[in-house]
Amino acid sequence: MRVGLIGLPEGGKTTLFNALTRSTAAVHSYGAHSDEVNLGAVEVPDRRFDVAVELCRPKKRVPALLEVTDGGARVAVGDRGAKFGADFFAGVRNMDALLIVLRAFTSPSLPEPDGGINPRRDLERLIEELILADLVVVEARLERLDKSRLAKRLTAADAAEMHVLQGLHAHLAEGKPIRTLEIAEEDAKCLRSFAFVSGKPLIVVTNISEDDLAGACPHLPAVTQYADAHGIASMALCAKVEADVAQMSPDEESEFLEALGIAEPARDRVIREAYQAVGYISFLTVGEDEVRAWTLRRGSTALAAAASIHTDIARTFIRAEVMAFGRFEEAGGWDAAKAAGHMHLEGKEYVVQDGEIVHIRNSKG
Ligand SMILES: Nc1nc2c(ncn2[C@@H]2O[C@H](COP(=O)(O)OP(=O)(O)OP(=O)(O)O)[C@@H](O)[C@H]2O)c(=O)[nH]1
Ligand SMILES: [Mg+2]
């Protein structure tokens, strides 16, 4: 799964990137802006995966990964009043979710933006830009389709696409993101290649001051209220503290977090929220050779699970051997749980549940 960090300049995107991926990418220092794009990957924390590794002691462990991109989309410093530009979001079009970083922290070394610190304003601005970016794409495509229509070269597929895009256009023109539009499955198919940015799940991260960690950040309620009202996942953290934490050893880390009264590093929380926002679950495959966590869209079938492993395995699918994680853990392993009758066989249409262990029986294997 891939998430892209977006936000206004100096909001703390790179600092959060460092916190999430335990990297040390250069952050913005006043007057020294970097256009670098940072790419990183982080293991998705999953207790079930850890337990499975513990029980199976495999030769190889392959956890689920969250890929993070920082710098795929941002405005240049000094351009605050300027347009975002038509291809502003080009670098995040292929992401599964967007993580919006909002500045709510004050810092003596970093001047406040024009109009002062106001994360709610920034959030609305960014969401507006996502909608505008899609509107530009939809309008350009509609224009071309209309030209075909006038030249009597419009195919049936074109006409259907035009109809869907007109619905989208009306929705976007009202200032609403594609995320909030119900789209029929067959219509969604013809839209997929557009990779609309306002259709992507969002996670809002408000970057608060170190000093506000223990108390309350005055800017936070307005952001939370907006996010809740629009069904957007949101959380607050101090990116700078989290970036420091990410550089510590596990022991130092827990000691430090405890002293601050923080239950877990925000790193883990952000990753969990991202998974949830996209509607992903994971299933496991276990064995002596390998324990692996696989990412799957919630509601997917056993056949889709097979396809995520390999298209050949889906093609030659016979049955899925499925085991609830709890049974696996209680029995202390697959074989013992199977002997106790906790493995069940399922067909292609079976809906895989979060955390289940799924082995595909196929005609070649
Ligand atoms: N005090 C404080 N400073 C922070 C915090 N987060 C980021 N900063 C500082 O703010 C500056 C900007 O942070 P970056 O992470 O570079 O912000 P950015 O969004 O990546 O900036 P651009 O890439 O230039 O758009 C850096 O000097 C950071 O050290 C925070 O939580 N508290
Ligand atoms: Mg940056």
# chains A, B, ... in the order shown; residues from 1 in each chain; ligands from 1
call {"tool": "residues_near_ligand", "arguments": {"ligand": "ligand 2", "cutoff": "6 Å", "atoms": "only C-alpha atoms and all ligand atoms", "output": "list in words"}}
result
Lys13, Thr14, Val27 and His28 of chain A
call {"tool": "residues_around", "arguments": {"residues": "region 217-224 of chain A", "least_positions_apart": "6", "cutoff": "9 Å", "atoms": "only C-alpha atoms", "output": "number ranges by chain"}}
result
A: 104-105, 117-121, 123, 204, 206, 208-209, 211, 233-236
call {"tool": "write_last_selection", "arguments": {"atoms": "C-alpha atoms", "output": "CSV table (one decimal), in the first residue's frame"}}
result
chain,number,residue,atom,x,y,z
A,104,ALA,CA,-0.3,23.8,13.9
A,105,PHE,CA,3.1,24.2,15.6
A,117,ILE,CA,-1.3,29.5,11.8
A,118,ASN,CA,-4.6,28.0,10.9
A,119,PRO,CA,-4.7,24.3,10.0
A,120,ARG,CA,-8.4,24.3,9.4
A,121,ARG,CA,-8.0,26.9,6.7
A,123,LEU,CA,-7.1,21.7,5.2
A,204,VAL,CA,-5.4,14.3,8.2
A,206,THR,CA,-2.3,18.0,12.5
A,208,ILE,CA,1.1,20.3,16.9
A,209,SER,CA,3.8,22.0,19.0
A,211,ASP,CA,4.4,22.2,24.2
A,233,ALA,CA,-9.8,10.2,9.6
A,234,SER,CA,-7.7,12.6,11.6
A,235,MET,CA,-5.1,12.6,14.3
A,236,ALA,CA,-2.7,15.0,16.0
call {"tool": "closest_residue", "arguments": {"among": "A:Glu139, A:Asp46, A:Glu124, A:Glu252", "to": "Arg269 (chain A)", "atoms": "only C-alpha atoms"}}
result
A:Asp46
call {"tool": "residues_around", "arguments": {"residues": "Ala324 (chain A)", "least_positions_apart": "4", "cutoff": "7 Å", "atoms": "only C-alpha atoms", "output": "number ranges by chain"}}
result
A: 328, 356-357
call {"tool": "atom_distance", "arguments": {"atom1": "CA of Asn362 (chain A)", "atom2": "CA of Ala340 (chain A)"}}
result
23.7 Å
call {"tool": "residues_around", "arguments": {"residues": "region 88-92 of chain A", "least_positions_apart": "5", "cutoff": "9 Å", "atoms": "only C-alpha atoms", "output": "ChimeraX atom specification"}}
result
/A:3-6,69,71-75,97-98,130,133,197
call {"tool": "write_last_selection", "arguments": {"atoms": "C-alpha atoms", "output": "PDB file, in the first residue's frame"}}
result
ATOM      1  CA  VAL A   3       0.535   6.807   0.778  1.00  0.00           C
ATOM      2  CA  GLY A   4       1.623  10.231  -0.370  1.00  0.00           C
ATOM      3  CA  LEU A   5       2.266  13.089   2.025  1.00  0.00           C
ATOM      4  CA  ILE A   6       0.809  16.380   0.857  1.00  0.00           C
ATOM      5  CA  THR A  69       6.257   9.324  -0.634  1.00  0.00           C
ATOM      6  CA  GLY A  71       7.510  15.655  -1.948  1.00  0.00           C
ATOM      7  CA  GLY A  72       5.342  14.152  -4.695  1.00  0.00           C
ATOM      8  CA  ALA A  73       3.161  17.249  -4.498  1.00  0.00           C
ATOM      9  CA  ARG A  74       3.795  20.563  -2.850  1.00  0.00           C
ATOM     10  CA  VAL A  75       3.868  24.273  -3.607  1.00  0.00           C
ATOM     11  CA  ALA A  97      -4.269   7.264   0.084  1.00  0.00           C
ATOM     12  CA  LEU A  98      -3.153  10.824   0.758  1.00  0.00           C
ATOM     13  CA  LEU A 130      -7.801  18.320  -4.936  1.00  0.00           C
ATOM     14  CA  ALA A 133      -7.348  19.333 -10.011  1.00  0.00           C
ATOM     15  CA  VAL A 197      -7.049  12.724  -6.571  1.00  0.00           C
TER      16      VAL A 197
END
call {"tool": "atom_distance", "arguments": {"atom1": "CA of Ala156 (chain A)", "atom2": "CA of His171 (chain A)"}}
result
23.3 Å
call {"tool": "residues_around", "arguments": {"residues": "Thr316 (chain A)", "least_positions_apart": "4", "cutoff": "9 Å", "atoms": "only C-alpha atoms", "output": "number ranges by chain"}}
result
A: 311-312, 361-365
call {"tool": "closest_residue", "arguments": {"among": "A:Glu349, A:Glu273, A:Val286, A:Ala339", "to": "Asp50 (chain A)", "atoms": "only C-alpha atoms"}}
result
A:Val286
call {"tool": "atom_distance", "arguments": {"atom1": "atom 13 (O, counted along the ligand's line) of ligand 1", "atom2": "CA of Gly115 (chain A)"}}
result
18.4 Å
call {"tool": "closest_residue", "arguments": {"among": "A:Val351, A:Ala52, A:Met343, A:Met1", "to": "Gly40 (chain A)", "atoms": "only C-alpha atoms"}}
result
A:Met1
call {"tool": "select_by_dssp", "arguments": {"residues": "region 52-280 of chain A", "states": "strand (DSSP E)", "output": "NGL selection string"}}
result
:A and (60-62 or 65-73 or 97-103 or 202-207 or 233-237 or 280)
call {"tool": "residues_around", "arguments": {"residues": "Arg2 (chain A)", "least_positions_apart": "6", "cutoff": "7 Å", "atoms": "only C-alpha atoms", "output": "NGL selection string"}}
result
:A and (66-68 or 95-97)
call {"tool": "closest_residue", "arguments": {"among": "A:Glu253, A:Glu129, A:Asp114, A:Asp212", "to": "ligand 1", "atoms": "only C-alpha atoms and all ligand atoms"}}
result
A:Asp212
